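Source file: final-v1.csv; contents: CSV, C-alpha atoms.
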```
chain,number,residue,atom,x,y,z
A,1,MET,CA,0.0,0.0,0.0
A,2,SER,CA,1.5,3.3,-1.1
A,3,PRO,CA,1.9,6.0,1.6
A,4,THR,CA,-0.4,8.4,-0.4
A,5,PHE,CA,-3.1,5.8,-0.7
A,6,LEU,CA,-2.8,4.9,3.0
A,7,ALA,CA,-3.1,8.6,3.9
A,8,VAL,CA,-6.2,9.0,1.8
A,9,LEU,CA,-7.8,5.9,3.4
A,10,VAL,CA,-7.0,7.1,6.9
A,11,VAL,CA,-8.3,10.6,6.4
A,12,THR,CA,-11.4,9.3,4.7
A,13,ALA,CA,-12.1,7.0,7.6
A,14,LEU,CA,-11.5,9.7,10.2
A,15,ILE,CA,-13.8,12.2,8.5
A,16,CYS,CA,-16.6,9.7,7.8
A,17,ALA,CA,-16.5,8.5,11.4
A,18,ALA,CA,-16.4,12.0,12.9
A,19,LEU,CA,-19.5,13.3,11.1
A,20,PRO,CA,-22.1,10.9,12.7
A,21,ALA,CA,-20.2,11.1,16.0
A,22,ALA,CA,-20.5,14.8,16.2
A,23,LEU,CA,-24.1,14.9,15.0
A,24,THR,CA,-25.1,12.2,17.5
A,25,LEU,CA,-23.6,14.1,20.4
A,26,ALA,CA,-25.5,17.2,19.4
A,27,ASN,CA,-28.8,15.3,18.8
A,28,LEU,CA,-28.6,13.5,22.1
A,29,ARG,CA,-29.1,16.9,23.8
A,30,ALA,CA,-32.0,17.8,21.5
A,31,PHE,CA,-33.8,14.4,21.5
A,32,ASP,CA,-36.1,15.3,24.4
A,33,ARG,CA,-38.1,12.9,26.5
A,34,ALA,CA,-41.8,13.6,27.0
A,35,PRO,CA,-42.7,16.0,29.9
A,36,ARG,CA,-43.2,14.3,33.2
A,37,LEU,CA,-46.3,16.3,34.0
A,38,PRO,CA,-49.0,17.2,31.4
A,39,HIS,CA,-49.0,20.8,30.4
A,40,ARG,CA,-52.7,21.1,30.5
A,41,GLU,CA,-55.4,19.8,32.9
A,42,PRO,CA,-57.4,17.8,32.2
A,43,SER,CA,-55.8,16.0,29.2
A,44,PRO,CA,-58.1,15.6,26.2
A,45,PRO,CA,-59.8,12.2,25.8
A,46,VAL,CA,-57.7,10.0,23.5
A,47,SER,CA,-58.4,7.2,21.1
A,48,VAL,CA,-55.7,4.6,21.2
A,49,LEU,CA,-55.7,2.9,17.8
A,50,VAL,CA,-54.1,-0.5,17.4
A,51,PRO,CA,-53.9,-2.6,14.2
A,52,ALA,CA,-53.6,-6.3,15.0
A,53,ARG,CA,-53.1,-9.3,12.7
A,54,ASN,CA,-52.5,-12.7,14.3
A,55,GLU,CA,-51.5,-11.2,17.7
A,56,ALA,CA,-53.3,-13.6,20.0
A,57,GLY,CA,-50.1,-14.1,22.1
A,58,VAL,CA,-49.7,-10.4,23.0
A,59,ILE,CA,-53.0,-8.6,22.4
A,60,GLU,CA,-54.3,-9.1,26.0
A,61,ARG,CA,-51.1,-7.9,27.4
A,62,LEU,CA,-51.2,-4.8,25.3
A,63,ALA,CA,-54.9,-4.1,26.3
A,64,ARG,CA,-54.0,-4.5,29.9
A,65,ASP,CA,-51.1,-2.1,29.7
A,66,VAL,CA,-53.1,0.6,27.8
A,67,LEU,CA,-56.1,0.3,30.1
A,68,ALA,CA,-53.8,0.8,33.1
A,69,SER,CA,-52.9,4.3,31.8
A,70,ARG,CA,-53.1,7.0,34.4
A,71,GLY,CA,-54.2,10.6,34.0
A,72,ILE,CA,-56.1,10.1,30.8
A,73,ASP,CA,-59.6,9.4,29.6
A,74,LEU,CA,-59.2,6.9,26.8
A,75,GLU,CA,-60.8,4.4,24.5
A,76,LEU,CA,-58.9,1.4,23.1
A,77,VAL,CA,-59.9,0.6,19.5
A,78,ILE,CA,-58.4,-2.6,18.1
A,79,LEU,CA,-58.8,-3.6,14.5
A,80,ASP,CA,-58.7,-7.3,13.9
A,81,ASP,CA,-57.0,-7.5,10.5
A,82,ASP,CA,-58.3,-10.8,9.2
A,83,SER,CA,-56.5,-12.8,12.0
A,84,THR,CA,-56.6,-16.6,11.9
A,85,ASP,CA,-55.4,-17.2,15.5
A,86,GLY,CA,-58.3,-16.0,17.6
A,87,THR,CA,-57.2,-12.4,18.1
A,88,GLY,CA,-60.7,-11.1,17.4
A,89,ALA,CA,-62.3,-13.4,20.0
A,90,ILE,CA,-59.8,-12.3,22.6
A,91,VAL,CA,-60.7,-8.6,21.9
A,92,GLU,CA,-64.4,-9.4,22.0
A,93,ARG,CA,-63.9,-10.9,25.5
A,94,LEU,CA,-61.9,-7.8,26.6
A,95,ALA,CA,-64.6,-5.5,25.2
A,96,ALA,CA,-67.3,-7.4,27.2
A,97,ALA,CA,-65.3,-6.8,30.4
A,98,ASP,CA,-64.4,-3.2,29.8
A,99,ALA,CA,-66.5,-0.6,28.0
A,100,ARG,CA,-63.4,1.3,27.0
A,101,VAL,CA,-62.3,-1.5,24.6
A,102,ARG,CA,-63.9,-1.7,21.1
A,103,LEU,CA,-63.3,-4.2,18.3
A,104,VAL,CA,-63.3,-3.2,14.7
A,105,HIS,CA,-63.3,-5.9,12.0
A,106,GLY,CA,-60.9,-5.4,9.1
A,107,ARG,CA,-62.1,-5.1,5.6
A,108,PRO,CA,-60.7,-6.8,2.5
A,109,LEU,CA,-57.4,-5.2,1.4
A,110,PRO,CA,-58.0,-3.1,-1.8
A,111,ALA,CA,-55.4,-3.1,-4.6
A,112,GLY,CA,-52.6,-0.6,-4.0
A,113,TRP,CA,-52.9,-0.6,-0.2
A,114,CYS,CA,-50.4,-1.9,2.3
A,115,GLY,CA,-52.2,-3.9,5.1
A,116,LYS,CA,-51.0,-1.7,8.0
A,117,GLN,CA,-51.9,1.5,6.3
A,118,HIS,CA,-55.4,0.2,5.4
A,119,ALA,CA,-55.9,-0.9,9.0
A,120,CYS,CA,-54.8,2.4,10.4
A,121,TRP,CA,-57.0,4.3,8.0
A,122,HIS,CA,-60.1,2.4,9.2
A,123,LEU,CA,-59.1,2.8,12.8
A,124,ALA,CA,-59.0,6.6,12.3
A,125,LYS,CA,-62.6,6.4,10.9
A,126,ALA,CA,-63.7,4.5,13.9
A,127,ALA,CA,-62.2,6.8,16.5
A,128,LYS,CA,-64.6,8.6,18.8
A,129,HIS,CA,-62.2,11.2,20.2
A,130,ASP,CA,-60.3,13.9,18.3
A,131,THR,CA,-56.8,13.1,19.7
A,132,TRP,CA,-55.2,9.8,18.6
A,133,VAL,CA,-52.3,7.5,19.5
A,134,PHE,CA,-51.5,5.0,16.9
A,135,LEU,CA,-49.7,2.1,18.7
A,136,ASP,CA,-48.1,-1.1,17.5
A,137,VAL,CA,-49.3,-4.2,19.4
A,138,ASP,CA,-45.7,-5.1,20.5
A,139,VAL,CA,-45.2,-1.8,22.3
A,140,VAL,CA,-45.2,-2.1,26.1
A,141,PRO,CA,-46.3,1.3,27.5
A,142,GLN,CA,-45.8,2.5,31.1
A,143,PRO,CA,-48.9,3.8,32.9
A,144,ASP,CA,-47.9,7.4,32.3
A,145,ALA,CA,-46.8,6.9,28.7
A,146,ILE,CA,-49.9,8.0,26.9
A,147,ALA,CA,-50.5,11.1,29.1
A,148,ARG,CA,-46.8,12.1,28.7
A,149,SER,CA,-46.9,11.6,24.9
A,150,LEU,CA,-49.9,13.9,24.7
A,151,ALA,CA,-48.0,16.4,26.8
A,152,PHE,CA,-45.2,16.3,24.3
A,153,LEU,CA,-47.6,16.9,21.4
A,154,ASP,CA,-48.9,19.9,23.3
A,155,ALA,CA,-45.5,21.3,24.2
A,156,SER,CA,-44.0,20.8,20.7
A,157,GLY,CA,-46.8,22.5,18.9
A,158,ALA,CA,-46.4,19.9,16.1
A,159,ALA,CA,-49.3,18.3,14.3
A,160,LEU,CA,-47.7,14.8,14.5
A,161,VAL,CA,-45.2,13.5,17.0
A,162,SER,CA,-43.6,10.1,17.1
A,163,GLY,CA,-42.0,8.4,20.1
A,164,PHE,CA,-39.0,5.9,19.8
A,165,PRO,CA,-39.4,3.2,22.5
A,166,ARG,CA,-36.6,1.3,24.0
A,167,GLN,CA,-35.9,-1.7,21.8
A,168,THR,CA,-35.8,-5.0,23.7
A,169,THR,CA,-33.6,-7.7,22.0
A,170,GLY,CA,-33.2,-11.4,22.3
A,171,SER,CA,-31.9,-13.2,19.2
A,172,PHE,CA,-28.5,-12.6,17.6
A,173,LEU,CA,-29.7,-10.2,14.8
A,174,GLU,CA,-32.0,-8.4,17.3
A,175,TRP,CA,-29.0,-7.8,19.5
A,176,LEU,CA,-26.8,-6.8,16.6
A,177,LEU,CA,-29.0,-4.7,14.4
A,178,LEU,CA,-31.9,-3.1,16.2
A,179,PRO,CA,-29.8,-0.6,18.2
A,180,LEU,CA,-28.9,0.8,14.8
A,181,ILE,CA,-32.4,2.4,14.7
A,182,HIS,CA,-31.0,5.1,17.1
A,183,PHE,CA,-27.6,5.2,15.4
A,184,VAL,CA,-29.1,6.0,11.9
A,185,LEU,CA,-31.6,8.4,13.3
A,186,LEU,CA,-29.3,10.5,15.5
A,187,GLY,CA,-26.2,10.1,13.4
A,188,PHE,CA,-27.6,11.3,10.1
A,189,LEU,CA,-30.7,13.5,10.9
A,190,PRO,CA,-29.9,17.1,12.0
A,191,LEU,CA,-32.6,17.3,14.6
A,192,ALA,CA,-32.4,21.0,15.3
A,193,ARG,CA,-32.6,21.8,11.6
A,194,SER,CA,-35.5,19.4,11.1
A,195,ARG,CA,-37.4,21.4,13.7
A,196,SER,CA,-36.7,24.8,12.0
A,197,ASP,CA,-36.9,23.5,8.4
A,198,ASN,CA,-40.2,21.8,7.6
A,199,SER,CA,-38.9,20.1,4.4
A,200,PRO,CA,-40.3,16.6,3.9
A,201,GLY,CA,-36.8,15.3,3.4
A,202,LEU,CA,-36.0,16.1,7.1
A,203,ALA,CA,-39.0,14.3,8.4
A,204,ALA,CA,-38.6,11.3,10.7
A,205,GLY,CA,-40.7,9.0,12.9
A,206,CYS,CA,-41.2,5.6,14.3
A,207,GLY,CA,-44.2,3.6,13.1
A,208,GLN,CA,-44.6,2.0,16.6
A,209,TRP,CA,-45.9,5.2,18.2
A,210,PHE,CA,-47.6,8.2,16.5
A,211,VAL,CA,-49.6,10.9,18.2
A,212,THR,CA,-51.8,13.3,16.3
A,213,THR,CA,-55.3,15.0,16.1
A,214,ARG,CA,-58.2,14.3,13.8
A,215,ALA,CA,-58.0,17.7,12.1
A,216,ALA,CA,-54.3,17.4,11.3
A,217,TYR,CA,-54.7,13.8,10.1
A,218,ASP,CA,-57.5,14.7,7.8
A,219,ARG,CA,-55.6,17.7,6.4
A,220,ALA,CA,-52.5,15.5,5.7
A,221,GLY,CA,-54.6,12.8,4.0
A,222,GLY,CA,-53.7,10.3,6.8
A,223,HIS,CA,-52.7,6.8,5.9
A,224,ALA,CA,-54.5,7.1,2.6
A,225,ALA,CA,-51.8,9.5,1.5
A,226,ILE,CA,-49.2,6.7,2.0
A,227,ARG,CA,-51.5,3.8,1.1
A,228,ALA,CA,-48.9,1.8,-0.8
A,229,SER,CA,-46.0,2.5,1.6
A,230,LEU,CA,-44.4,-0.2,3.7
A,231,HIS,CA,-42.6,2.4,5.9
A,232,ASP,CA,-45.0,4.6,7.7
A,233,GLY,CA,-42.2,5.8,10.1
A,234,ILE,CA,-40.8,7.9,7.3
A,235,LYS,CA,-43.8,8.3,4.9
A,236,LEU,CA,-46.5,9.5,7.3
A,237,PRO,CA,-44.4,12.5,8.7
A,238,ARG,CA,-43.5,13.4,5.1
A,239,ALA,CA,-47.2,13.4,4.2
A,240,TYR,CA,-47.9,15.8,7.0
A,241,ARG,CA,-45.0,18.1,6.0
A,242,ARG,CA,-46.1,18.1,2.4
A,243,ALA,CA,-49.5,19.4,3.7
A,244,GLY,CA,-47.7,22.3,5.5
A,245,LEU,CA,-48.0,20.6,8.9
A,246,THR,CA,-45.1,20.3,11.4
A,247,THR,CA,-43.8,17.0,12.9
A,248,ASP,CA,-41.4,16.1,15.7
A,249,ILE,CA,-39.9,13.1,17.4
A,250,PHE,CA,-39.2,12.3,21.0
A,251,ASP,CA,-37.3,9.8,23.1
A,252,ALA,CA,-39.9,7.3,24.5
A,253,SER,CA,-37.3,4.9,26.0
A,254,ASP,CA,-38.3,5.8,29.5
A,255,ILE,CA,-42.0,5.3,29.0
A,256,ALA,CA,-42.2,2.4,26.6
A,257,SER,CA,-40.3,-0.6,25.3
A,258,CYS,CA,-40.9,-2.8,22.2
A,259,ARG,CA,-39.7,-6.1,21.0
A,260,MET,CA,-40.4,-6.0,17.2
A,261,TYR,CA,-39.1,-9.5,16.4
A,262,THR,CA,-38.3,-12.7,18.3
A,263,ARG,CA,-36.1,-14.5,15.6
A,264,SER,CA,-33.1,-13.5,13.6
A,265,LEU,CA,-34.8,-14.5,10.4
A,266,ASP,CA,-37.7,-12.1,11.2
A,267,VAL,CA,-35.2,-9.3,11.8
A,268,TRP,CA,-33.7,-9.8,8.4
A,269,ARG,CA,-37.1,-10.0,6.7
A,270,GLY,CA,-38.5,-7.1,8.7
A,271,LEU,CA,-35.7,-4.7,7.9
A,272,ALA,CA,-35.6,-5.8,4.3
A,273,LYS,CA,-39.4,-5.3,3.7
A,274,ASN,CA,-39.2,-1.5,3.9
A,275,ALA,CA,-35.5,-0.9,3.2
A,276,THR,CA,-36.1,0.5,-0.3
A,277,GLU,CA,-38.2,3.3,1.1
A,278,GLY,CA,-35.2,4.5,3.3
A,279,ILE,CA,-31.5,3.9,3.0
A,280,GLY,CA,-32.0,1.1,0.5
A,281,ALA,CA,-33.7,3.3,-2.1
A,282,PRO,CA,-31.9,3.5,-5.4
A,283,ALA,CA,-31.0,7.2,-5.0
A,284,THR,CA,-29.5,6.8,-1.5
A,285,ILE,CA,-28.0,3.4,-1.2
A,286,VAL,CA,-24.7,4.1,-2.9
A,287,PRO,CA,-23.8,7.3,-0.9
A,288,PHE,CA,-25.0,5.7,2.4
A,289,THR,CA,-23.0,2.6,1.7
A,290,LEU,CA,-19.9,4.6,1.0
A,291,LEU,CA,-20.4,6.8,4.1
A,292,LEU,CA,-21.2,3.9,6.5
A,293,ALA,CA,-18.5,1.6,5.1
A,294,ALA,CA,-15.9,4.3,5.2
A,295,GLY,CA,-16.8,5.6,8.7
A,296,GLN,CA,-17.9,2.4,10.5
A,297,ILE,CA,-16.0,-0.5,8.9
A,298,LEU,CA,-12.8,1.0,7.3
A,299,PRO,CA,-11.3,2.2,10.5
A,300,PHE,CA,-11.3,-1.3,11.9
A,301,VAL,CA,-10.0,-2.8,8.7
A,302,LEU,CA,-7.1,-0.3,8.8
A,303,ALA,CA,-6.4,-1.1,12.4
A,304,ALA,CA,-6.4,-4.8,11.7
A,305,THR,CA,-4.1,-4.3,8.8
A,306,GLY,CA,-1.7,-2.2,10.8
A,307,LEU,CA,-1.6,-4.8,13.6
A,308,VAL,CA,-0.9,-7.6,11.2
A,309,THR,CA,1.9,-5.8,9.5
A,310,ASN,CA,3.3,-4.4,12.8
A,311,TRP,CA,2.6,-0.9,11.4
A,312,ARG,CA,5.6,-1.2,9.1
A,313,ALA,CA,5.9,2.0,6.9
A,314,TRP,CA,3.0,3.6,8.7
A,315,PRO,CA,3.7,7.3,9.6
A,316,ALA,CA,3.0,7.9,13.3
A,317,TRP,CA,0.1,10.3,12.4
A,318,THR,CA,-1.7,7.6,10.4
A,319,ILE,CA,-1.5,5.2,13.4
A,320,ALA,CA,-3.0,7.8,15.7
A,321,ALA,CA,-5.6,8.8,13.2
A,322,THR,CA,-6.7,5.2,12.6
A,323,PHE,CA,-7.2,4.6,16.3
A,324,GLY,CA,-9.0,7.9,16.5
A,325,ALA,CA,-11.3,6.9,13.7
A,326,CYS,CA,-12.1,3.6,15.6
A,327,CYS,CA,-12.9,5.5,18.7
A,328,LEU,CA,-15.2,7.9,16.8
A,329,ALA,CA,-17.0,5.0,15.1
A,330,LEU,CA,-17.8,3.5,18.5
A,331,LEU,CA,-18.5,6.7,20.3
A,332,PRO,CA,-22.2,7.2,19.1
A,333,ARG,CA,-23.1,3.6,19.9
A,334,LEU,CA,-21.5,3.7,23.4
A,335,ALA,CA,-23.3,7.0,24.2
A,336,GLU,CA,-26.6,5.5,22.9
A,337,ALA,CA,-26.1,2.4,24.9
A,338,MET,CA,-25.9,4.5,28.0
A,339,ARG,CA,-28.9,6.7,27.1
A,340,PHE,CA,-31.3,4.1,25.8
A,341,GLY,CA,-30.4,1.0,27.8
A,342,GLN,CA,-28.8,-0.9,25.0
A,343,ARG,CA,-26.2,-3.6,25.4
A,344,PHE,CA,-22.6,-2.4,25.4
A,345,THR,CA,-21.5,-5.6,23.7
A,346,SER,CA,-23.7,-4.8,20.8
A,347,ALA,CA,-22.1,-1.4,20.5
A,348,LEU,CA,-18.7,-3.0,20.3
A,349,ALA,CA,-19.9,-5.1,17.4
A,350,GLN,CA,-20.6,-1.9,15.3
A,351,PRO,CA,-18.4,-2.9,12.3
A,352,LEU,CA,-20.2,-6.2,11.9
A,353,ALA,CA,-23.6,-4.6,12.5
A,354,ILE,CA,-23.0,-2.1,9.7
A,355,ALA,CA,-21.8,-4.8,7.3
A,356,VAL,CA,-24.9,-6.9,7.9
A,357,PHE,CA,-27.2,-3.8,7.8
A,358,LEU,CA,-25.7,-2.8,4.4
A,359,ALA,CA,-26.1,-6.4,3.1
A,360,ILE,CA,-29.8,-6.2,4.0
A,361,GLN,CA,-30.2,-2.9,2.1
A,362,TRP,CA,-28.6,-4.3,-1.1
A,363,TYR,CA,-30.6,-7.6,-0.7
A,364,ALA,CA,-33.8,-5.6,-0.5
A,365,LEU,CA,-32.9,-3.5,-3.5
A,366,ALA,CA,-31.9,-6.5,-5.6
A,367,ARG,CA,-35.3,-8.1,-4.8
A,368,LYS,CA,-37.1,-5.0,-5.9
A,369,LEU,CA,-35.1,-4.7,-9.1
A,370,LEU,CA,-35.8,-8.3,-9.9
A,371,GLY,CA,-39.5,-7.8,-9.2
A,372,LEU,CA,-39.6,-10.5,-6.5
A,373,LYS,CA,-42.7,-10.3,-4.3
A,374,THR,CA,-42.4,-10.0,-0.5
A,375,SER,CA,-44.9,-11.2,2.1
A,376,TRP,CA,-45.3,-10.2,5.7
A,377,ARG,CA,-47.4,-12.0,8.3
A,378,GLY,CA,-48.8,-14.2,5.6
A,379,ARG,CA,-49.9,-11.3,3.3
A,380,PRO,CA,-48.2,-10.4,0.1
A,381,LEU,CA,-46.9,-6.8,0.1
A,382,ALA,CA,-47.4,-4.5,-2.9
A,383,MET,CA,-44.2,-3.8,-4.9
A,384,GLN,CA,-43.1,-0.2,-4.9
```

Would you put the structure from the file into structure tokens?
Amino acid sequence: MSPTFLAVLVVTALICAALPAALTLANLRAFDRAPRLPHREPSPPVSVLVPARNEAGVIERLARDVLASRGIDLELVILDDDSTDGTGAIVERLAAADARVRLVHGRPLPAGWCGKQHACWHLAKAAKHDTWVFLDVDVVPQPDAIARSLAFLDASGAALVSGFPRQTTGSFLEWLLLPLIHFVLLGFLPLARSRSDNSPGLAAGCGQWFVTTRAAYDRAGGHAAIRASLHDGIKLPRAYRRAGLTTDIFDASDIASCRMYTRSLDVWRGLAKNATEGIGAPATIVPFTLLLAAGQILPFVLAATGLVTNWRAWPAWTIAATFGACCLALLPRLAEAMRFGQRFTSALAQPLAIAVFLAIQWYALARKLLGLKTSWRGRPLAMQ
């Protein structure tokens, strides 16, 4: 390796590792948690809207958690989206025991609609109250979670806010990849700018937890505006911003947790199903691959190369810069592990995590270009 080429690689690695590290540290200060006390008394009544498809194993737990909410008058509306495991019967039993629970039966999925967007659209039509929380069934909210998320909606002044729960992990790919949700969010979204610049391209959200109002939802077109999308976390906030409405995000790790998947195979499939609407899109996959590979993998490849060659012909500054780049690559993940209760061992596996994450993005793009159909929870997904 020539000295010039080595210097270029080291400087590239250092710069590409420093950019997300600096932005993450800035964003951690701006990524607020929901207020501990509601800003207004009493809080408005809220409709908690939950789409459910074959969720017999967790739906009763979710209902129990939501109904235990404090400081809020609520109804829990659950849409049984053509389940085959008895989910609907469980909700019917819950509704008979508590008048706050209502069951909505899903309708046949029209052409051009993603199942979740269709379910949420009909949940919105069924809601009695004018303030809404869209909640995924695998979220585990604390008793004050809903009241505090409404307080954040009020304090932010936004039309749509989204909370990011703490991600609970078990299997290998859960442990390895799911903490990257916070890394990608905080390392590449300038949060302060996204609050001052309402461009759709700066929108962000988490499909597990959305809070909005009827008036704002109707003005933005709601889930009908993103009917074919597989990635409501990105697409719904963008729809609001295109309608001239503001959006915001908050740290919900202290009020809710979520285990999205239970098997490594499901993690791969779940991240791949909506990859091409995010980093894996044709327009973004190449620059993101170069940036992530250069900043999160290259520093460790350089360090391994130097150690194997005993740093022969390496100028002293390149050795120092290589180790500096390694430290900068790990810094965001270690800071996020402390803030969000993630595992430190996962943070130390950052180079492997990024390599697998990028492999999923390219896998998803290849499937899209080949026209291969994808299914999720037993239902084919529309190709984008």

Residues of segment 36-123 of chain A within 6 Å of segment 130-150 of chain A: nearest atom pair and distance (Å, one decimal) for each, counting all atoms listed in the file, sorted by chain and number, as CSV?
```
residue,atom,partner,partner_atom,distance
A:Val46,CA,A:Thr131,CA,5.0
A:Ser47,CA,A:Trp132,CA,4.8
A:Val48,CA,A:Val133,CA,4.8
A:Leu49,CA,A:Phe134,CA,4.8
A:Val50,CA,A:Leu135,CA,5.3
A:Ala68,CA,A:Pro143,CA,5.7
A:Ser69,CA,A:Pro143,CA,4.2
A:Arg70,CA,A:Pro143,CA,5.5
A:Ile72,CA,A:Ala147,CA,5.9
```

Quick one: write out the picked residues with C-alpha atoms as a compact mmCIF listing (two decimals), in the coordinates of the input?
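Saved result, part_15.txt, follows:
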```txt
# COMPACT_ATOMS: atom_id res chain seq x y z
CA VAL A 46 -57.70 10.00 23.50
CA SER A 47 -58.40 7.20 21.10
CA VAL A 48 -55.70 4.60 21.20
CA LEU A 49 -55.70 2.90 17.80
CA VAL A 50 -54.10 -0.50 17.40
CA ALA A 68 -53.80 0.80 33.10
CA SER A 69 -52.90 4.30 31.80
CA ARG A 70 -53.10 7.00 34.40
CA ILE A 72 -56.10 10.10 30.80
```

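Using only C-alpha atoms, the nearest neighbour of Tyr261 of chain A within the list A:Asp73, A:Asp154, A:Glu174, A:Asp98 is A:Glu174.
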
Kindly provide the residues of segment 309-355 of chain A that approach segment 233-257 of chain A to within 10 Å, each paired with its closest atom pair and their distance in Å to one decimal, based on all atoms listed in the file, listed by chain and increasing number, as JSON lines.
```
{"residue": "A:Arg339", "atom": "CA", "partner": "A:Ser253", "partner_atom": "CA", "distance": 8.7}
{"residue": "A:Phe340", "atom": "CA", "partner": "A:Ser253", "partner_atom": "CA", "distance": 6.1}
{"residue": "A:Gly341", "atom": "CA", "partner": "A:Ser253", "partner_atom": "CA", "distance": 8.1}
```

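Take atom CA of Lys128 of chain A and atom CA of Gly112 of chain A: the distance between them is 27.4 Å.
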
Smallest atom-to-atom distance to Arg367 of chain A: which of A:Arg269, A:Arg93, A:Arg166, A:Arg343, using only C-alpha atoms? A:Arg269

Please report as a tab-separated table every residue of segment 148-248 of chain A lying within 8 Å of segment 345-358 of chain A, along with the nearest atom pair and their distance in Å (one decimal), using all atoms listed in the file.
```
residue	atom	partner	partner_atom	distance
A:Trp175	CA	A:Ser346	CA	6.2
A:Leu176	CA	A:Ser346	CA	5.6
A:Leu177	CA	A:Ala353	CA	5.7
A:Pro179	CA	A:Ser346	CA	7.8
A:Leu180	CA	A:Ala353	CA	7.9
```

Residue neighbourhood Arg263 of chain A, 8 Å, only C-alpha atoms, exclusion window fewer than 6 positions, as a ChimeraX atom specification: /A:170-171,173-174

For Ala364 of chain A, please output as a short mmCIF file (atom, residue, chain, number, x, y, z; two decimals) with C-alpha atoms, keeping the file's coordinate frame all residues within 12 Å (counting all atoms listed in the file; exclusion window: fewer than 6 positions along the same chain).
```cif
data_model
loop_
_atom_site.label_atom_id
_atom_site.label_comp_id
_atom_site.auth_asym_id
_atom_site.auth_seq_id
_atom_site.Cartn_x
_atom_site.Cartn_y
_atom_site.Cartn_z
CA TRP A 268 -33.70 -9.80 8.40
CA ARG A 269 -37.10 -10.00 6.70
CA GLY A 270 -38.50 -7.10 8.70
CA LEU A 271 -35.70 -4.70 7.90
CA ALA A 272 -35.60 -5.80 4.30
CA LYS A 273 -39.40 -5.30 3.70
CA ASN A 274 -39.20 -1.50 3.90
CA ALA A 275 -35.50 -0.90 3.20
CA THR A 276 -36.10 0.50 -0.30
CA GLU A 277 -38.20 3.30 1.10
CA GLY A 278 -35.20 4.50 3.30
CA ILE A 279 -31.50 3.90 3.00
CA GLY A 280 -32.00 1.10 0.50
CA ALA A 281 -33.70 3.30 -2.10
CA PRO A 282 -31.90 3.50 -5.40
CA ILE A 285 -28.00 3.40 -1.20
CA PHE A 357 -27.20 -3.80 7.80
CA LEU A 358 -25.70 -2.80 4.40
CA LEU A 370 -35.80 -8.30 -9.90
CA GLY A 371 -39.50 -7.80 -9.20
CA LEU A 372 -39.60 -10.50 -6.50
CA LYS A 373 -42.70 -10.30 -4.30
CA THR A 374 -42.40 -10.00 -0.50
CA MET A 383 -44.20 -3.80 -4.90
CA GLN A 384 -43.10 -0.20 -4.90
#
```

Minimum-distance residue to Glu336 of chain A, chosen among A:Leu302, A:Leu14, A:Leu186, A:Ala30 (using only C-alpha atoms):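 Closest to Glu336 of chain A of all the choices is A:Leu186.
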
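Non-sequential neighbours of Ser194 of chain A (distance at most 9 Å, separation of 5 or more positions within a chain, all atoms listed in the file) are Leu189, Ser199, Gly201, Leu202, Ala203, Ala204, Thr247 and Asp248 of chain A.
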
Between atom CA of Pro332 of chain A and atom CA of Gly157 of chain A, measure the distance and give it in Å to one decimal. 29.0 Å

Of the listed residues A:Pro299, A:Pro44, A:Pro110, A:Pro287, that which approaches Ala329 of chain A most closely, counting all atoms listed in the file: A:Pro299

In Å, rounded to a single decimal, give me how far atom CA of Arg227 of chain A is from atom CA of Phe152 of chain A.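 Computed distance, atom CA of Phe152 of chain A to atom CA of Arg227 of chain A, equals 27.1 Å.
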
Smallest atom-to-atom distance to Thr24 of chain A: which of A:Arg219, A:Arg107, A:His122, A:His182, using all atoms listed in the file?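 For Thr24 of chain A, the nearest of the given residues is A:His182.
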
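Closest approach to Ala293 of chain A from the set A:Pro45, A:Ala359, A:Ala99, A:Trp209 is made by A:Ala359, with distances taken over only C-alpha atoms.
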
Output as a PDB file, in the frame of the given file: segment 240-247 of chain A, completed with N, CA and C atoms.
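Done, and the output landed in part_31.pdb:
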```pdb
ATOM      1  N   TYR A 240     -47.461  14.686   6.246  1.00  0.00           N
ATOM      2  CA  TYR A 240     -47.900  15.800   7.000  1.00  0.00           C
ATOM      3  C   TYR A 240     -47.085  17.084   6.595  1.00  0.00           C
ATOM      4  N   ARG A 241     -45.802  16.953   6.390  1.00  0.00           N
ATOM      5  CA  ARG A 241     -45.000  18.100   6.000  1.00  0.00           C
ATOM      6  C   ARG A 241     -45.370  18.616   4.610  1.00  0.00           C
ATOM      7  N   ARG A 242     -45.689  17.706   3.727  1.00  0.00           N
ATOM      8  CA  ARG A 242     -46.100  18.100   2.400  1.00  0.00           C
ATOM      9  C   ARG A 242     -47.437  18.924   2.472  1.00  0.00           C
ATOM     10  N   ALA A 243     -48.225  18.656   3.501  1.00  0.00           N
ATOM     11  CA  ALA A 243     -49.500  19.400   3.700  1.00  0.00           C
ATOM     12  C   ALA A 243     -49.272  20.680   4.481  1.00  0.00           C
ATOM     13  N   GLY A 244     -48.017  21.033   4.763  1.00  0.00           N
ATOM     14  CA  GLY A 244     -47.700  22.300   5.500  1.00  0.00           C
ATOM     15  C   GLY A 244     -47.799  22.118   7.001  1.00  0.00           C
ATOM     16  N   LEU A 245     -47.846  20.893   7.513  1.00  0.00           N
ATOM     17  CA  LEU A 245     -48.000  20.600   8.900  1.00  0.00           C
ATOM     18  C   LEU A 245     -46.593  20.247   9.505  1.00  0.00           C
ATOM     19  N   THR A 246     -46.343  20.578  10.755  1.00  0.00           N
ATOM     20  CA  THR A 246     -45.100  20.300  11.400  1.00  0.00           C
ATOM     21  C   THR A 246     -45.100  18.913  12.061  1.00  0.00           C
ATOM     22  N   THR A 247     -43.932  18.300  12.164  1.00  0.00           N
ATOM     23  CA  THR A 247     -43.800  17.000  12.900  1.00  0.00           C
ATOM     24  C   THR A 247     -42.589  17.084  13.780  1.00  0.00           C
TER      25      THR A 247
END
```
